[in-house]
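Working notes for the structure below.
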Number of protein chains: 2
Amino acid sequence: MITITILGSGNVAHHLILNLLKQNSVSLQQVYARDTSSLKEIVPPEKLTQNIATLKPASIFIIAVSDNAISEICNALPVSNQLVVHVSGTAPIDSIGVKQRSGVFYMLQTFSKEKIMDFSKIPFCIEASTEKDLKTLENLARLFSEKIYFIHSEQRKNIHLAAVFVSNFTNHMYTIGAEICKTQKISFDILKPLIIETANKIEFLNPKDAQTGPAIRGDSKTIQNHLEMLQQDKTKRELYSLITNSIQNKK
Amino acid sequence: MITITILGSGNVAHHLILNLLKQNSVSLQQVYARDTSSLKEIVPPEKLTQNIATLKPASIFIIAVSDNAISEICNALPVSNQLVVHVSGTAPIDSIGVKQRSGVFYMLQTFSKEKIMDFSKIPFCIEASTEKDLKTLENLARLFSEKIYFIHSEQRKNIHLAAVFVSNFTNHMYTIGAEICKTQKISFDILKPLIIETANKIEFLNPKDAQTGPAIRGDSKTIQNHLEMLQQDKTKRELYSLITNSIQNKK
C-alpha cells in the first residue's frame with residue numbers, strides 16, 4: 001500500500017487530503033502543519049501533528065506549503081532518502097535538497113477551500129529525479145486523473161506564468177466587470193453567461209481566432225468612448241489602453 | 001403573427017436569423033444585407049434582398065450592423081413609424097432617428113459564426129421609447145430566454161464596457177497563455193481545465209474573493225521571477241506589471 005504524508009494546511013493541502021481519503025489503494029499516513037486548526041475537521045486526530053520530528057517514513061511526502069518554506073520543511077524532515085515532492089508551479093525540483101529523492105507533483109488548477117474540486121479534470125505535472133520515482137508519482141496521479149504531463153522545471157515555470165495570465169489575471173478582469181456593474185446598480189449576474197461562454201469557446205476555437213470586440217475590430221470610436229468613461233479611474237483606464245494595444249498588435 | 005425583418009449579415013444577425021427560423025410564433029419576413037453571400041445558406045432566397053428599398057412594413061425591424069452604419073441604414077428605410085431596434089451595446093437608443101419608433105435589443109453575449117449559440121442562456125437587454133413597444137420586445141425576447149433586463153442606454157454603455165473586460169480582455173489573457181505554452185512546446189490543452197474552473201468559480205464566489213495567485217498573496221519573489229522571464233517581451237511585461245499592481249490595489 002502506498003502511504004502518503006502531507007505537509008501543509010493551505011488550499012492545495014486541503015483538497016489533496018480530501019481526495020486521498022477517498023482512495024482505497026493509498027493510505028493517508030500523517031499530516032503535518034504548523035497550524036492544524038483548519039485540518040481538524042477532515043483529518044483523523046491520530047494522523048495530525050504539529051511536530052515535524054514525529055513523522056515516520058512514507059512512500060511519498062507531499063510538501064504543500066508556500067515556495068519560500070519548502071527548504072525549511074525539507075531540512076526539518078526527520079527521515080532521509082525518501083521520495084519528497086513539492087506542489088509548486090515555480091520552485092525548481094532541487095529545492096527539495098539532496099538528503100531526499102526529489103520530485104514535483106504540480107496540480108495545474110486554482111483551488112479555493114470553499115469549492116469542491118473534481119480532481120479528474122486536473123492536469124498533473126510530474127517530475128522526479130529517478131525513473132522509478134516518476135513511475136510512483138504517475139501511479140498516484142492516475143488514481144485521480146487521466147491528464148498526466150511529464151514536465152521539467154523550466155517548462156513548469158512557464159506553465160505557471162501562463163496560468164497567472166489565464167486564471168489570476170482573468171479573474172481580475174471579472175472583478176473589474178463586477179465593479180463597473182455595481183456603479184450602475186446592475187447585478188453582476190448579467191455578465192455570467194458571457195464569462196462562461198468566453199471560457200467555453202476555447203474548446204472550439206484557439207483564443208487568437210476567438211478574439212472579438214472593439215480592439216480587434218479597430219473600432220476607434222468605441223475605444224475612445226470607453227476611455228472617456230474611465231476618465232475618473234486611472235488604473236482601469238491604463239489597463240484598458242494597454243490590453244487594447246496588445247490585442248491590436250496581434251492582428 | 002409577429003413579423004421580423006433583419007438588417008445585417010454579421011455574427012449577431014447570423015445567430016438571430018437561425019434562432020428566429022426555429023420559432024413558430026414569429027415569422028422572419030425579410031433579411032437585408034449589402035453582401036448577402038454568407039446568408040444564402042440559411043435564408044430562403046425570396047426573403048433575402050440587397051435592395052433596402054424593397055423592405056415592407058414589419059412588426060419589428062432589427063438592425064444588426066456596426067454602430068457607425070446604424071444611422072445610414074435607418075435613413076434608407078422605405079417605411080416610417082415602424083418599431084426599429086438596434087442590437088448595439090454602445091449606440092444610444094436615439095441613433096434610430098425620429099422617423100421610426102425606436103428601441104434596443106442588445107444580446108449580451110459573444111458570437112462566433114463557427115459556434116452554435118444557446119439563446120436560452122443569453123441576457124437580453126431591452127429598451128424602447130414606448131411601453132407598448134417595450135412589451136413587444138419583451139415578448140420577442142421571452143421566446144428565446146428568461147433573462148430579460150430592462151436597461152437604459154447609460155446602463156447599457158457601462159455593461160458593454162464591463163463586457164469588454166470580462167470577455168474580450170479575458171480572451172486576450174488566454175491568447176497570451178497560449179503563446180507562452182507554444183514557446184515551451186506544451187499543448188494549450190494543459191491550461192483548459194484551469195480556464196474553465198476560473199470561469200465556473202463566479203457561480204460560487206464573487207470574483208474579488210476568488211482572487212488567487214502571486215499578486216494577491218504579495219509573493220514578490222515569484223512576481224520578480226515572472227517579470228524576468230518576460231524581459232524579452234515588453235508588452236507582456238507591462239501587462240503583467242500593471243495587472244499585478246491593480247490586483248494589489250484592491251486588497
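Every chain in the C-alpha cells has a letter given in the order shown (A, B, ...), and although residue numbers restart at 1 in each chain, ligands are simply numbered from 1 in the order shown.
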Using 7 Å as the limit and counting only C-alpha atoms, can you tabulate each residue of chain A that touches chain B, with its shortest atom-to-atom distance in Å and the two atoms involved, as JSON lines?
{"residue": "A:Leu108", "atom": "CA", "partner": "B:Leu194", "partner_atom": "CA", "distance": 6.8}
{"residue": "A:Gln109", "atom": "CA", "partner": "B:Leu194", "partner_atom": "CA", "distance": 5.1}
{"residue": "A:Thr110", "atom": "CA", "partner": "B:Leu194", "partner_atom": "CA", "distance": 6.6}
{"residue": "A:Lys121", "atom": "CA", "partner": "B:Pro193", "partner_atom": "CA", "distance": 6.3}
{"residue": "A:Ile122", "atom": "CA", "partner": "B:Pro193", "partner_atom": "CA", "distance": 6.5}
{"residue": "A:Pro123", "atom": "CA", "partner": "B:Ile190", "partner_atom": "CA", "distance": 6.3}
{"residue": "A:Gln155", "atom": "CA", "partner": "B:Gln184", "partner_atom": "CA", "distance": 6.0}
{"residue": "A:Asn158", "atom": "CA", "partner": "B:Ile180", "partner_atom": "CA", "distance": 6.7}
{"residue": "A:Ile159", "atom": "CA", "partner": "B:Cys181", "partner_atom": "CA", "distance": 6.5}
{"residue": "A:Leu161", "atom": "CA", "partner": "B:His226", "partner_atom": "CA", "distance": 6.4}
{"residue": "A:Ala162", "atom": "CA", "partner": "B:Gly177", "partner_atom": "CA", "distance": 4.3}
{"residue": "A:Ala163", "atom": "CA", "partner": "B:Gly177", "partner_atom": "CA", "distance": 6.8}
{"residue": "A:Val164", "atom": "CA", "partner": "B:Gly213", "partner_atom": "CA", "distance": 6.7}
{"residue": "A:Phe165", "atom": "CA", "partner": "B:Met173", "partner_atom": "CA", "distance": 5.4}
{"residue": "A:Val166", "atom": "CA", "partner": "B:Tyr174", "partner_atom": "CA", "distance": 5.1}
{"residue": "A:Ser167", "atom": "CA", "partner": "B:Thr198", "partner_atom": "CA", "distance": 5.8}
{"residue": "A:Asn168", "atom": "CA", "partner": "B:Gly213", "partner_atom": "CA", "distance": 5.8}
{"residue": "A:Phe169", "atom": "CA", "partner": "B:Ile243", "partner_atom": "CA", "distance": 6.7}
{"residue": "A:Thr170", "atom": "CA", "partner": "B:Thr170", "partner_atom": "CA", "distance": 5.1}
{"residue": "A:Asn171", "atom": "CA", "partner": "B:Pro207", "partner_atom": "CA", "distance": 6.1}
{"residue": "A:His172", "atom": "CA", "partner": "B:Ile247", "partner_atom": "CA", "distance": 6.6}
{"residue": "A:Met173", "atom": "CA", "partner": "B:Val166", "partner_atom": "CA", "distance": 5.2}
{"residue": "A:Tyr174", "atom": "CA", "partner": "B:Val166", "partner_atom": "CA", "distance": 5.1}
{"residue": "A:Thr175", "atom": "CA", "partner": "B:Pro207", "partner_atom": "CA", "distance": 5.1}
{"residue": "A:Gly177", "atom": "CA", "partner": "B:Ala162", "partner_atom": "CA", "distance": 4.3}
{"residue": "A:Ile180", "atom": "CA", "partner": "B:Ala162", "partner_atom": "CA", "distance": 6.0}
{"residue": "A:Cys181", "atom": "CA", "partner": "B:Ile159", "partner_atom": "CA", "distance": 6.5}
{"residue": "A:Gln184", "atom": "CA", "partner": "B:Gln155", "partner_atom": "CA", "distance": 6.0}
{"residue": "A:Ile190", "atom": "CA", "partner": "B:Pro123", "partner_atom": "CA", "distance": 6.3}
{"residue": "A:Leu191", "atom": "CA", "partner": "B:Ala163", "partner_atom": "CA", "distance": 6.9}
{"residue": "A:Pro193", "atom": "CA", "partner": "B:Lys121", "partner_atom": "CA", "distance": 6.3}
{"residue": "A:Leu194", "atom": "CA", "partner": "B:Gln109", "partner_atom": "CA", "distance": 5.1}
{"residue": "A:Ile195", "atom": "CA", "partner": "B:Ser167", "partner_atom": "CA", "distance": 6.1}
{"residue": "A:Ile196", "atom": "CA", "partner": "B:Ala199", "partner_atom": "CA", "distance": 5.7}
{"residue": "A:Thr198", "atom": "CA", "partner": "B:Ser167", "partner_atom": "CA", "distance": 5.8}
{"residue": "A:Ala199", "atom": "CA", "partner": "B:Ile196", "partner_atom": "CA", "distance": 5.7}
{"residue": "A:Asn200", "atom": "CA", "partner": "B:Ile196", "partner_atom": "CA", "distance": 6.8}
{"residue": "A:Pro207", "atom": "CA", "partner": "B:Thr175", "partner_atom": "CA", "distance": 5.1}
{"residue": "A:Lys208", "atom": "CA", "partner": "B:Thr175", "partner_atom": "CA", "distance": 5.5}
{"residue": "A:Gln211", "atom": "CA", "partner": "B:Asn171", "partner_atom": "CA", "distance": 6.3}
{"residue": "A:Thr212", "atom": "CA", "partner": "B:Asn168", "partner_atom": "CA", "distance": 6.0}
{"residue": "A:Gly213", "atom": "CA", "partner": "B:Asn168", "partner_atom": "CA", "distance": 5.8}
{"residue": "A:His226", "atom": "CA", "partner": "B:Leu161", "partner_atom": "CA", "distance": 6.5}
{"residue": "A:Thr235", "atom": "CA", "partner": "B:Ser246", "partner_atom": "CA", "distance": 6.7}
{"residue": "A:Leu239", "atom": "CA", "partner": "B:Leu242", "partner_atom": "CA", "distance": 6.9}
{"residue": "A:Leu242", "atom": "CA", "partner": "B:Leu239", "partner_atom": "CA", "distance": 6.9}
{"residue": "A:Ile243", "atom": "CA", "partner": "B:Phe169", "partner_atom": "CA", "distance": 6.7}
{"residue": "A:Ser246", "atom": "CA", "partner": "B:Thr235", "partner_atom": "CA", "distance": 6.7}
{"residue": "A:Ile247", "atom": "CA", "partner": "B:His172", "partner_atom": "CA", "distance": 6.6}
Item to check | Test item, strand (DSSP E or B) assignment across stretch 10-244 of chain B, answer as an NGL selection string | outcome: :B and (26-32 or 48-49 or 60-63 or 83-86 or 101-107 or 124-128 or 148-150)
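Among B:Gln100, B:Ala58, B:Asn19, B:Pro44, the residue with the shortest atom-to-atom distance to B:Phe144, counting only C-alpha atoms, is B:Asn19.
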Checklist outcome for this item: One decimal place gives the atom CA of A:Gln248-atom CA of B:Leu7 separation as 28.3 Å
Residues within 10 Å of A:Val79, only C-alpha atoms, excluding chain neighbours under 6 positions, as a compact mmCIF listing (two decimals) with N, CA and C atoms, in the first residue's frame:
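Output file out_15.txt follows:
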# COMPACT_ATOMS: atom_id res chain seq x y z
N ALA A 53 9.07 16.39 13.85
CA ALA A 53 10.01 15.34 14.26
C ALA A 53 9.34 13.98 14.45
N THR A 54 8.00 13.99 14.53
CA THR A 54 7.29 12.72 14.74
C THR A 54 6.93 12.01 13.43
N LEU A 55 7.31 12.60 12.30
CA LEU A 55 6.93 11.98 11.02
C LEU A 55 7.74 10.70 10.78
N LYS A 56 7.02 9.67 10.33
CA LYS A 56 7.66 8.37 10.03
C LYS A 56 7.92 8.26 8.52
N PRO A 57 8.73 7.32 8.09
CA PRO A 57 8.91 7.11 6.64
C PRO A 57 7.57 6.86 5.95
N ALA A 58 7.49 7.26 4.68
CA ALA A 58 6.25 7.06 3.89
C ALA A 58 6.66 6.86 2.44
N LYS A 99 19.22 15.48 0.60
CA LYS A 99 19.03 14.43 1.62
C LYS A 99 17.94 13.43 1.21
N GLN A 100 17.06 13.87 0.29
CA GLN A 100 15.93 13.04 -0.12
C GLN A 100 15.98 12.74 -1.61
Next on the checklist: Which residues are close to B:Val12, i.e. within 8 Å by only C-alpha atoms, leaving aside same-chain residues fewer than 3 positions away? Reply as a list in words.
Outcome noted: Ser9, His15, Leu16, Ala64 and Phe111 of chain B
Item to check | DSSP alpha helix (DSSP H) residues within stretch 91-206 of chain A, listed as a ChimeraX atom specification | outcome: /A:131-144,153-163,170-183,192-200
Next on the checklist: List the spatial neighbours of B:Gln82 as JSON, numbers by chain - criterion: any atom at most 12 Å away, only C-alpha atoms, same-chain residues fewer than 3 positions off excluded.
Outcome noted: {"B": [3, 4, 5, 55, 56, 57, 58, 59, 60, 61, 62, 74, 77, 78, 79, 85, 96, 97, 98, 99, 100, 101, 102, 103, 129, 133]}
